[in-house]
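Okay, coords15.cif now, which holds mmCIF, C-alpha atoms and all ligand atoms:
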```cif
data_model
#
loop_
_atom_site.label_atom_id
_atom_site.label_comp_id
_atom_site.auth_asym_id
_atom_site.auth_seq_id
_atom_site.Cartn_x
_atom_site.Cartn_y
_atom_site.Cartn_z
CA MET O 250 -20.45 -4.79 44.18
CA THR O 251 -19.49 -8.25 45.30
CA GLU O 252 -18.45 -8.35 48.89
CA ARG O 253 -17.82 -12.03 49.25
CA CYS O 254 -14.13 -11.67 48.97
CA CYS O 255 -13.33 -12.18 52.57
CA ASN O 256 -15.43 -14.13 54.94
CA ARG O 257 -18.88 -14.95 56.20
CA PRO O 258 -22.04 -12.87 56.42
CA ALA O 259 -21.96 -10.22 59.13
CA GLU O 260 -24.93 -11.81 60.95
CA GLN O 261 -22.85 -14.90 61.61
CA THR O 262 -19.56 -13.46 62.72
CA GLY O 263 -18.81 -13.70 66.40
CA ARG O 264 -16.08 -12.17 68.51
CA GLU O 265 -13.48 -14.77 67.71
CA GLU O 266 -13.90 -14.20 64.01
CA ILE O 267 -13.80 -10.42 64.28
CA LYS O 268 -10.62 -10.74 66.28
CA GLN O 269 -9.17 -13.06 63.67
CA ASN O 270 -10.23 -10.74 60.84
CA LEU O 271 -8.63 -7.74 62.49
CA SER O 272 -5.37 -9.54 62.95
CA VAL O 273 -5.35 -10.48 59.24
CA ILE O 274 -6.05 -6.84 58.35
CA ARG O 275 -3.26 -5.58 60.61
CA GLN O 276 -0.86 -8.09 59.13
CA THR O 277 -1.83 -7.18 55.55
CA VAL O 278 -1.46 -3.47 56.36
CA ALA O 279 1.96 -4.02 57.89
CA GLU O 280 3.13 -5.92 54.82
CA ALA O 281 1.81 -3.29 52.42
CA VAL O 282 3.44 -0.50 54.43
CA GLU O 283 6.73 -2.34 54.44
CA LYS O 284 6.55 -3.12 50.74
CA ALA O 285 5.78 0.51 49.91
CA GLY O 286 8.73 1.64 52.03
CA ARG O 287 6.47 3.91 54.05
CA LYS O 288 7.27 5.17 57.52
CA GLU O 289 3.72 5.75 58.75
CA PRO O 290 0.97 3.16 58.50
CA PRO O 291 -2.53 4.32 57.51
CA ARG O 292 -5.18 4.69 60.13
CA ILE O 293 -7.75 1.86 60.15
CA MET O 294 -11.39 2.92 60.25
CA ALA O 295 -14.14 0.42 61.07
CA VAL O 296 -17.14 1.06 58.81
CA THR O 297 -20.23 0.37 60.87
CA LYS O 298 -23.19 0.29 58.50
CA THR O 299 -25.70 -2.46 59.38
CA ILE O 300 -23.43 -3.78 62.15
CA PRO O 301 -24.88 -4.10 65.67
CA THR O 302 -23.28 -1.95 68.33
CA ASP O 303 -22.00 -4.84 70.44
CA LYS O 304 -19.75 -5.91 67.58
CA ILE O 305 -18.62 -2.36 67.00
CA ASN O 306 -17.77 -1.94 70.66
CA TYR O 307 -15.89 -5.22 70.58
CA ALA O 308 -13.77 -3.93 67.68
CA GLU O 309 -12.97 -0.96 69.88
CA GLU O 310 -11.87 -3.28 72.66
CA LEU O 311 -9.43 -4.70 70.13
CA GLY O 312 -7.96 -1.26 69.56
CA ILE O 313 -10.05 0.26 66.77
CA ASP O 314 -10.37 3.97 67.60
CA LEU O 315 -12.09 5.33 64.52
CA LEU O 316 -15.60 4.60 63.24
CA GLY O 317 -17.08 5.47 59.85
CA GLU O 318 -20.79 6.24 59.49
CA ASN O 319 -22.80 6.18 56.26
CA ARG O 320 -26.37 6.85 57.16
CA VAL O 321 -27.62 9.66 59.36
CA GLN O 322 -30.69 7.79 60.56
CA GLU O 323 -28.84 4.61 61.44
CA PHE O 324 -26.05 6.55 63.14
CA LEU O 325 -28.44 8.52 65.35
CA GLY O 326 -30.10 5.28 66.43
CA LYS O 327 -26.82 3.64 67.40
CA TYR O 328 -24.75 6.54 68.59
CA GLU O 329 -25.70 6.42 72.26
CA GLN O 330 -24.69 2.79 72.57
CA TYR O 331 -21.18 3.38 71.33
CA SER O 332 -18.47 3.29 73.89
CA PRO O 333 -17.49 6.94 73.93
CA ARG O 334 -13.78 6.42 73.32
CA SER O 335 -13.91 6.37 69.58
CA GLU O 336 -13.63 9.15 67.11
CA VAL O 337 -16.45 9.15 64.53
CA HIS O 338 -16.23 10.32 60.92
CA PHE O 339 -19.14 10.64 58.53
CA ILE O 340 -18.33 8.96 55.19
CA GLY O 341 -21.68 8.54 53.41
CA SER O 342 -23.42 10.91 51.06
CA LEU O 343 -24.92 13.73 53.06
CA GLN O 344 -27.84 16.02 52.33
CA CYS O 345 -27.61 19.61 53.53
CA ASN O 346 -30.73 19.32 55.64
CA LYS O 347 -29.17 16.47 57.66
CA VAL O 348 -25.95 18.22 58.61
CA LYS O 349 -27.47 19.69 61.75
CA TYR O 350 -28.15 16.24 63.22
CA ILE O 351 -24.57 15.02 63.05
CA ILE O 352 -22.41 18.10 63.30
CA ASP O 353 -21.76 17.83 67.05
CA LYS O 354 -21.16 14.08 66.87
CA VAL O 355 -18.46 13.73 64.22
CA SER O 356 -14.97 15.13 63.92
CA MET O 357 -14.61 14.76 60.15
CA ILE O 358 -16.86 14.54 57.09
CA HIS O 359 -15.31 12.66 54.15
CA SER O 360 -17.99 13.19 51.53
CA VAL O 361 -17.98 16.89 50.67
CA ASP O 362 -18.30 17.42 46.93
CA ASN O 363 -20.01 20.79 46.55
CA MET O 364 -19.97 24.25 48.11
CA LYS O 365 -23.58 24.17 49.18
CA LEU O 366 -22.78 21.30 51.51
CA ALA O 367 -19.50 22.88 52.63
CA CYS O 368 -21.35 26.11 53.47
CA GLU O 369 -23.95 24.25 55.49
CA ILE O 370 -21.22 22.42 57.45
CA ASP O 371 -19.54 25.78 58.03
CA LYS O 372 -22.73 27.39 59.28
CA ARG O 373 -23.68 24.55 61.62
CA SER O 374 -20.12 24.27 62.92
CA ALA O 375 -20.14 27.99 63.76
CA GLN O 376 -23.36 27.50 65.72
CA HIS O 377 -21.58 24.88 67.82
CA GLY O 378 -18.44 26.97 68.18
CA LYS O 379 -16.36 24.35 66.41
CA VAL O 380 -14.28 23.86 63.30
CA THR O 381 -15.11 20.69 61.37
CA ASP O 382 -12.49 18.85 59.34
CA ILE O 383 -13.63 17.85 55.87
CA LEU O 384 -12.33 15.81 52.98
CA LEU O 385 -13.26 16.55 49.40
CA GLU O 386 -14.69 13.48 47.73
CA VAL O 387 -13.39 12.98 44.21
CA ASN O 388 -15.31 11.06 41.53
CA ILE O 389 -12.07 9.54 40.39
CA GLY O 390 -13.70 7.09 37.96
CA GLU O 391 -15.70 10.00 36.48
CA GLU O 392 -18.76 7.78 36.72
CA LEU O 393 -22.07 9.43 35.84
CA SER O 394 -24.09 8.09 38.73
CA LYS O 395 -21.48 8.59 41.44
CA SER O 396 -21.03 11.37 43.93
CA GLY O 397 -17.78 13.29 44.17
CA VAL O 398 -16.34 16.33 42.47
CA GLN O 399 -14.88 15.84 39.01
CA PRO O 400 -11.07 15.84 39.10
CA SER O 401 -11.00 18.91 36.85
CA GLU O 402 -13.10 20.87 39.35
CA LEU O 403 -11.24 19.85 42.47
CA LYS O 404 -8.81 22.75 42.59
CA GLN O 405 -11.61 25.31 42.51
CA LEU O 406 -13.65 23.52 45.17
CA ALA O 407 -10.59 23.29 47.43
CA ALA O 408 -9.91 27.02 47.02
CA ASP O 409 -13.53 27.94 47.74
CA ALA O 410 -13.85 25.64 50.75
CA ALA O 411 -10.61 26.98 52.19
CA GLN O 412 -12.31 30.38 52.53
CA LEU O 413 -14.79 29.06 55.09
CA GLU O 414 -13.91 29.85 58.69
CA ASN O 415 -15.46 26.91 60.46
CA VAL O 416 -14.37 24.24 58.02
CA ARG O 417 -10.84 22.92 57.58
CA VAL O 418 -9.97 21.05 54.38
CA ARG O 419 -7.83 18.14 55.52
CA GLY O 420 -7.54 16.18 52.26
CA LEU O 421 -9.28 13.91 49.79
CA MET O 422 -11.50 10.83 49.72
CA ALA O 423 -12.43 8.49 46.88
CA ILE O 424 -14.43 5.36 46.17
CA PRO O 425 -12.95 4.11 42.88
CA PRO O 426 -15.00 1.96 40.49
CA PRO O 427 -15.15 -1.61 41.84
CA GLY O 428 -12.44 -3.76 40.34
CA GLY O 429 -11.02 -0.66 38.68
CA GLY O 430 -7.46 -1.51 39.44
CA GLU O 431 -4.60 0.57 40.72
CA ILE O 432 -4.81 3.32 38.13
CA TYR O 433 -7.43 5.17 40.18
CA PHE O 434 -5.35 5.08 43.33
CA ALA O 435 -2.40 6.36 41.34
CA ARG O 436 -4.51 9.27 40.06
CA MET O 437 -5.73 10.06 43.56
CA GLN O 438 -2.16 10.14 44.79
CA GLU O 439 -1.33 12.63 42.06
CA LEU O 440 -4.30 14.84 42.91
CA PHE O 441 -3.37 14.70 46.58
CA GLU O 442 0.19 15.75 45.84
CA GLN O 443 -1.06 18.62 43.68
CA LEU O 444 -3.38 19.75 46.46
CA ARG O 445 -0.50 19.66 48.92
CA LEU O 446 1.55 21.99 46.74
CA ASP O 447 -1.09 24.67 47.33
CA ARG O 448 -2.02 23.54 50.83
CA PRO O 449 0.77 21.70 52.62
CA GLU O 450 -1.41 21.37 55.73
CA THR O 451 -3.63 18.77 54.06
CA ASP O 452 -2.66 15.39 55.42
CA VAL O 453 -5.47 12.89 54.87
CA LEU O 454 -5.93 10.67 51.82
CA SER O 455 -8.91 8.43 52.53
CA MET O 456 -9.01 5.48 50.13
CA GLY O 457 -8.99 1.71 50.25
CA MET O 458 -11.80 -0.61 51.35
CA SER O 459 -11.98 -4.31 52.16
CA ALA O 460 -11.23 -5.53 48.65
CA ASP O 461 -8.40 -3.15 47.81
CA TYR O 462 -6.77 -1.57 50.85
CA ALA O 463 -3.36 -3.08 50.20
CA ALA O 464 -3.26 -1.41 46.77
CA ALA O 465 -4.44 1.89 48.26
CA ILE O 466 -1.61 1.78 50.78
CA LYS O 467 0.86 1.41 47.94
CA TYR O 468 -0.39 4.75 46.60
CA GLY O 469 -0.19 6.65 49.82
CA SER O 470 -3.55 6.14 51.52
CA THR O 471 -3.42 7.52 55.06
CA LEU O 472 -6.85 6.20 56.09
CA ILE O 473 -8.43 2.92 55.01
CA ARG O 474 -12.15 2.33 55.50
CA ILE O 475 -12.87 -1.30 56.33
CA GLY O 476 -16.30 -2.88 56.71
CA SER O 477 -16.82 -6.41 55.44
CA ALA O 478 -13.25 -7.65 55.90
CA LEU O 479 -13.66 -6.92 59.60
CA PHE O 480 -17.29 -7.67 60.40
CA GLY O 481 -18.33 -10.02 57.57
CA TYR O 482 -20.11 -9.21 54.35
CA ARG O 483 -23.37 -7.35 54.23
CA ASN O 484 -26.34 -9.01 52.57
CA TYR O 485 -27.37 -6.14 50.39
CA ILE O 486 -25.97 -4.10 47.56
CA LYS O 487 -23.56 -1.23 48.40
C1 LIG M 1 -19.36 0.58 53.01
C2 LIG M 1 -18.26 1.56 52.81
C3 LIG M 1 -16.92 1.21 53.06
C4 LIG M 1 -16.49 -0.18 53.49
O1 LIG M 1 -16.77 -1.11 52.52
P1 LIG M 1 -16.20 -2.62 52.63
O2 LIG M 1 -16.04 -3.03 51.23
O3 LIG M 1 -17.22 -3.39 53.35
O4 LIG M 1 -14.92 -2.53 53.37
C5 LIG M 1 -15.96 2.19 52.90
N1 LIG M 1 -16.27 3.44 52.50
C6 LIG M 1 -17.53 3.82 52.26
C7 LIG M 1 -17.81 5.21 51.85
C8 LIG M 1 -18.56 2.88 52.41
O5 LIG M 1 -19.82 3.26 52.14
#
```
Step by step, read the file and then write its structure as structure tokens.
Amino acid sequence: MTERCCNRPAEQTGREEIKQNLSVIRQTVAEAVEKAGRKEPPRIMAVTKTIPTDKINYAEELGIDLLGENRVQEFLGKYEQYSPRSEVHFIGSLQCNKVKYIIDKVSMIHSVDNMKLACEIDKRSAQHGKVTDILLEVNIGEELSKSGVQPSELKQLAADAAQLENVRVRGLMAIPPPGGGEIYFARMQELFEQLRLDRPETDVLSMGMSADYAAAIKYGSTLIRIGSALFGYRNYIK
């Protein structure tokens, strides 16, 4: 994936640039919301992978109140240095045997695509006396190598996960194929609306990253996940 759409490498961005980047993002979001005729703007998540905690905490000073974590190991190493104000969601692919390390530290997990994982989250949540919000990740491009439930299997997974007592299905998440265009966001919006027919309480549609959040907003995204457009691009693939 090319991530050089926006700005400079993350190692080089300082406070002034992060501040500038965030104001561009807020402006772009406001315009997309207006253009789409929406009442509510999406929530802006700062995606923290590879970013040092001082920059993350600075983003929080600027009003960011939601962080997205990809990697269990990296998260555990940084977690204690976060200013404790922010809500943290886990957005990366998650193995069952790692759930226990993060369950008490995150309020939502975006990347649930099978019942084995949902059951593990349920079990560990019960042990902590909590209910964990989850999103079902959809492989909307139906790409062979990608995580996410196939669109045709989503309804069944949602029904099964809804049976779990310590898990609450809040909505859907997707990472469409890079450069895939708006068609995938349109399909996600359809799936989300179908899900809401059965389960009107679902209220989160997590889609849109640095390169495409304006398009995602057009198709009803309620949560955009922004890394490189805020902190600078990462010098590695993914
Ligand atoms: C890295 C990542 C993002 C943010 O990507 P950018 O293109 O840097 O905004 C969003 N969602 C997930 C799941 C990610 O892994």
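If all atoms listed in the file are the atoms counted, then among O:Ser360, O:Ser272, O:Gln344, O:Asn388 the closest residue to ligand LIG 1 (chain M) is O:Ser360.
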Residues near range 256-263 of chain O, anyone? I mean within 6 Å using all atoms listed in the file, not counting same-chain ones fewer than 6 positions away, as a PyMOL selection string.
chain O and resi 480-483
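By only C-alpha atoms, and with residues fewer than 2 positions from Glu402 in chain O along its chain excluded, the set lying at most 12 Å from it is Asp362, Asn363, Met364, Leu385, Glu386, Val387, Asn388, Ile389, Glu391, Gly397, Val398, Gln399, Pro400, Lys404, Gln405, Leu406, Ala407, Ala408, Asp409 and Leu440 of chain O.
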Residues at most 10 Å from ligand LIG 1 (chain M), using all atoms listed in the file? Could they come as a ChimeraX atom specification?
/O:250-255,294-299,317-320,339-342,359-360,386,422-424,427,455-462,473-483,486-487
Return as JSON the box centre and box size in Å, one decimal, for an axis-aligned box around all listed atoms of range 472-487 of chain O padded by 4 Å per side.
```
{"center_x": -17.1, "center_y": -1.9, "center_z": 54.0, "size_x": 28.5, "size_y": 24.2, "size_z": 20.8}
```
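If you look at CA of Arg436 in chain O and CA of Leu403 in chain O, they are 12.8 Å away from each other.
Residue nearest Asp382 in chain O within the list O:Ser356, O:Thr451, O:Gln443, O:Thr471: O:Ser356 [criterion: smallest interatomic distance, only C-alpha atoms].
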Do you know which residues are at most 12 Å from Ile352 in chain O counting all atoms listed in the file, after dropping those on the same chain fewer than 5 positions away, and could you put them as an mmCIF file with C-alpha atoms, in the frame of the given file?
```
data_model
loop_
_atom_site.group_PDB
_atom_site.id
_atom_site.type_symbol
_atom_site.label_atom_id
_atom_site.label_comp_id
_atom_site.auth_asym_id
_atom_site.auth_seq_id
_atom_site.Cartn_x
_atom_site.Cartn_y
_atom_site.Cartn_z
ATOM 1 C CA VAL O 321 -27.620 9.660 59.360
ATOM 2 C CA LEU O 325 -28.440 8.520 65.350
ATOM 3 C CA VAL O 337 -16.450 9.150 64.530
ATOM 4 C CA HIS O 338 -16.230 10.320 60.920
ATOM 5 C CA PHE O 339 -19.140 10.640 58.530
ATOM 6 C CA LEU O 343 -24.920 13.730 53.060
ATOM 7 C CA CYS O 345 -27.610 19.610 53.530
ATOM 8 C CA ASN O 346 -30.730 19.320 55.640
ATOM 9 C CA LYS O 347 -29.170 16.470 57.660
ATOM 10 C CA MET O 357 -14.610 14.760 60.150
ATOM 11 C CA ILE O 358 -16.860 14.540 57.090
ATOM 12 C CA GLU O 369 -23.950 24.250 55.490
ATOM 13 C CA ILE O 370 -21.220 22.420 57.450
ATOM 14 C CA ASP O 371 -19.540 25.780 58.030
ATOM 15 C CA LYS O 372 -22.730 27.390 59.280
ATOM 16 C CA ARG O 373 -23.680 24.550 61.620
ATOM 17 C CA SER O 374 -20.120 24.270 62.920
ATOM 18 C CA ALA O 375 -20.140 27.990 63.760
ATOM 19 C CA GLN O 376 -23.360 27.500 65.720
ATOM 20 C CA HIS O 377 -21.580 24.880 67.820
ATOM 21 C CA GLY O 378 -18.440 26.970 68.180
ATOM 22 C CA LYS O 379 -16.360 24.350 66.410
ATOM 23 C CA VAL O 380 -14.280 23.860 63.300
ATOM 24 C CA THR O 381 -15.110 20.690 61.370
ATOM 25 C CA ASP O 382 -12.490 18.850 59.340
ATOM 26 C CA ILE O 383 -13.630 17.850 55.870
ATOM 27 C CA ASN O 415 -15.460 26.910 60.460
ATOM 28 C CA VAL O 416 -14.370 24.240 58.020
#
```
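Across the model, the gap from CA of Leu384 in chain O to CA of Asp447 in chain O is 15.4 Å.
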Just checking: using only C-alpha atoms, which residue out of O:Val348, O:Ala410, O:Ala281, O:Ile305 ends up closest to Gln322 in chain O?
O:Val348
Please provide as number ranges by chain all residues within 12 Å of Tyr331 in chain O, with the sequence filter that same-chain residues fewer than 6 positions apart are discarded (counting only C-alpha atoms).
O: 297, 300-310, 314-316, 324-325, 337, 354
Just want the 8 Å neighbourhood of Phe434 in chain O, counted on only C-alpha atoms, with same-chain residues fewer than 3 positions away dropped. Output as a list in words.
Pro425, Gly430, Glu431, Met437, Gln438, Met456, Ala464, Ala465 and Tyr468 of chain O
Separating CA of Leu444 in chain O from CA of Val418 in chain O, to the nearest tenth of an Å, is a gap of 10.4 Å
